[in-house]
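Colleague: Questions regarding the structure given below will be posed in turn.
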Amino acid sequence: MSGYIYTIGREFGSGGKQVGRILADRLGIPFYDKELLQKAAKDSGFCEEILENHDEKPTSSFLYSLVMDTYSGGSYSSAPFLDMPINQRIFLAQFDAIKKIAEEQGSCVIVGRCADYALAERDNVINIFIHADMEDRVKNVSTRLNITEKKAKEMCQKQDKQRASYYNYYTSKKWGDARHYDLCFNTSKISLEKSVDLIIDATKLMN
């Protein structure tokens with residue numbers, strides 16, 4: 001199973017990040033989520049705070065982008081990128097970071113950030129989408145963040161909308177559409193550990 005890169009798209013509160021971390025631990029390969037922001041910041045010259053503010057969010061307002069442009073730096077703040085909104089430059093920085101990680105690591109797990117799109121030309125990538133019933137997602141988020149279920153539901157809806165807008169805008173595909181992924185799991189029906197078992201079994205069949 002060596003050499004595979006696993007990308008994971010996920011609904012908020014579905015446990016997608018946990019699935020990715022368990023998978024990486026089981027296979028003994030690197031795991032990238034927020035770590036991607038650090039790498040993109042280091043390689044591109046953007047400060048990590050700016051990357052965090054734009055992480056998996058749709059296009060920001062013109063005024064906000066203009067203000068934040070003042071504080072950006074590195075190669076993506078020089079020609080020919082000066083006329084490009086900062087959110088698009090940050091997408092390119094993360095896009096390049098994902099491709100570089102794939103080249104350097106050979107096998108790893110990358111959560112979110114349109115990694116499936118960035119690595120579309122590679123034949124050693126397995127694209128996964130994790131979702132769950134809203135009721136279960138609300139309970140998960142409410143428990144994890146110690147907030148009311150009403151607030152948790154609002155957060156799930158908001159985060160899903162942001163992720164969908166971000167993904168759809170940059171990839172011209174539909175976030176969560178099973179046709180764009182190799183494997184999809186509903187963690188309301190299949191546990192996180194069992195989902196990882198099935199991902200590993202599917203990888204064996206692909207060898």
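Following the order of the structure tokens, first chain is A, next is B, and so on, with residues numbered from 1 inside each chain and ligands from 1 in the order they appear.
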Can you pull out every residue within 12 Å of region 183-194 of chain A, counting only C-alpha atoms, but drop anything in the same chain fewer than 2 positions away, and send it as a PyMOL selection string?

Modeller: chain A and resi 6-23+25-26+125-140+176-181+196-203

Colleague: Which one is closest to Cys156 (chain A): A:Ala40, A:Ala24, A:Lys34, A:Ser142? Count only C-alpha atoms.

Modeller: A:Ser142

Colleague: Do you know which residues are at most 12 Å from Asp123 (chain A) counting only C-alpha atoms, after dropping those on the same chain fewer than 5 positions away, and could you put them as a PDB file with N, CA and C atoms, in the first residue's frame?

Modeller:
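File selection28.pdb, as written:
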```pdb
ATOM      1  N   GLY A   3       3.034   4.399  -1.097  1.00  0.00           N
ATOM      2  CA  GLY A   3       3.006   5.308  -2.223  1.00  0.00           C
ATOM      3  C   GLY A   3       1.676   5.980  -2.485  1.00  0.00           C
ATOM      4  N   TYR A   4       0.622   5.643  -1.752  1.00  0.00           N
ATOM      5  CA  TYR A   4      -0.679   6.269  -1.983  1.00  0.00           C
ATOM      6  C   TYR A   4      -0.828   7.560  -1.180  1.00  0.00           C
ATOM      7  N   ILE A   5      -1.467   8.529  -1.804  1.00  0.00           N
ATOM      8  CA  ILE A   5      -1.820   9.778  -1.140  1.00  0.00           C
ATOM      9  C   ILE A   5      -3.336   9.789  -0.974  1.00  0.00           C
ATOM     10  N   TYR A   6      -3.794  10.039   0.242  1.00  0.00           N
ATOM     11  CA  TYR A   6      -5.219  10.043   0.540  1.00  0.00           C
ATOM     12  C   TYR A   6      -5.674  11.480   0.771  1.00  0.00           C
ATOM     13  N   ALA A 102       3.218  16.198  -1.935  1.00  0.00           N
ATOM     14  CA  ALA A 102       3.035  14.934  -2.655  1.00  0.00           C
ATOM     15  C   ALA A 102       4.348  14.451  -3.260  1.00  0.00           C
ATOM     16  N   GLY A 106       5.498  11.219  -0.991  1.00  0.00           N
ATOM     17  CA  GLY A 106       5.157   9.978  -1.695  1.00  0.00           C
ATOM     18  C   GLY A 106       3.876   9.370  -1.176  1.00  0.00           C
ATOM     19  N   ASP A 116      -7.698  17.057  -3.689  1.00  0.00           N
ATOM     20  CA  ASP A 116      -8.011  16.147  -4.796  1.00  0.00           C
ATOM     21  C   ASP A 116      -7.841  16.844  -6.139  1.00  0.00           C
ATOM     22  N   MET A 206      -6.815  -1.970  -4.898  1.00  0.00           N
ATOM     23  CA  MET A 206      -6.313  -1.116  -5.985  1.00  0.00           C
ATOM     24  C   MET A 206      -4.881  -1.449  -6.370  1.00  0.00           C
ATOM     25  N   ASN A 207      -4.179  -2.209  -5.528  1.00  0.00           N
ATOM     26  CA  ASN A 207      -2.791  -2.574  -5.824  1.00  0.00           C
ATOM     27  C   ASN A 207      -2.720  -3.654  -6.908  1.00  0.00           C
TER      28      ASN A 207
END
```

Colleague: Calculated over only C-alpha atoms, which of the candidates A:Lys173, A:Lys100, A:Arg89, A:Lys158 has the smallest distance to Tyr117 (chain A)?

Modeller: A:Lys173

Colleague: Provide the CA of Asp33 (chain A) to CA of Ile110 (chain A) distance in Å, to one decimal place.

Modeller: 6.2 Å

Colleague: Which is closer to Pro30 (chain A) than all the others in A:Val109, A:Lys42, A:Ala97, A:Ile90, using only C-alpha atoms?

Modeller: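 Using only C-alpha atoms, the shortest distance to Pro30 (chain A) belongs to A:Val109.
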
Colleague: A:Glu52, A:Cys114, A:Lys39, A:Ala93: which is nearest Ala164 (chain A), counting only C-alpha atoms?

Modeller: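 Counting only C-alpha atoms, the residue closest to Ala164 (chain A) is A:Cys114.
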
Colleague: For CA of Gln162 (chain A) and CA of Val141 (chain A), quote the distance in Å rounded to one decimal.

Modeller: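 Here the two named atoms are 16.7 Å from each other.
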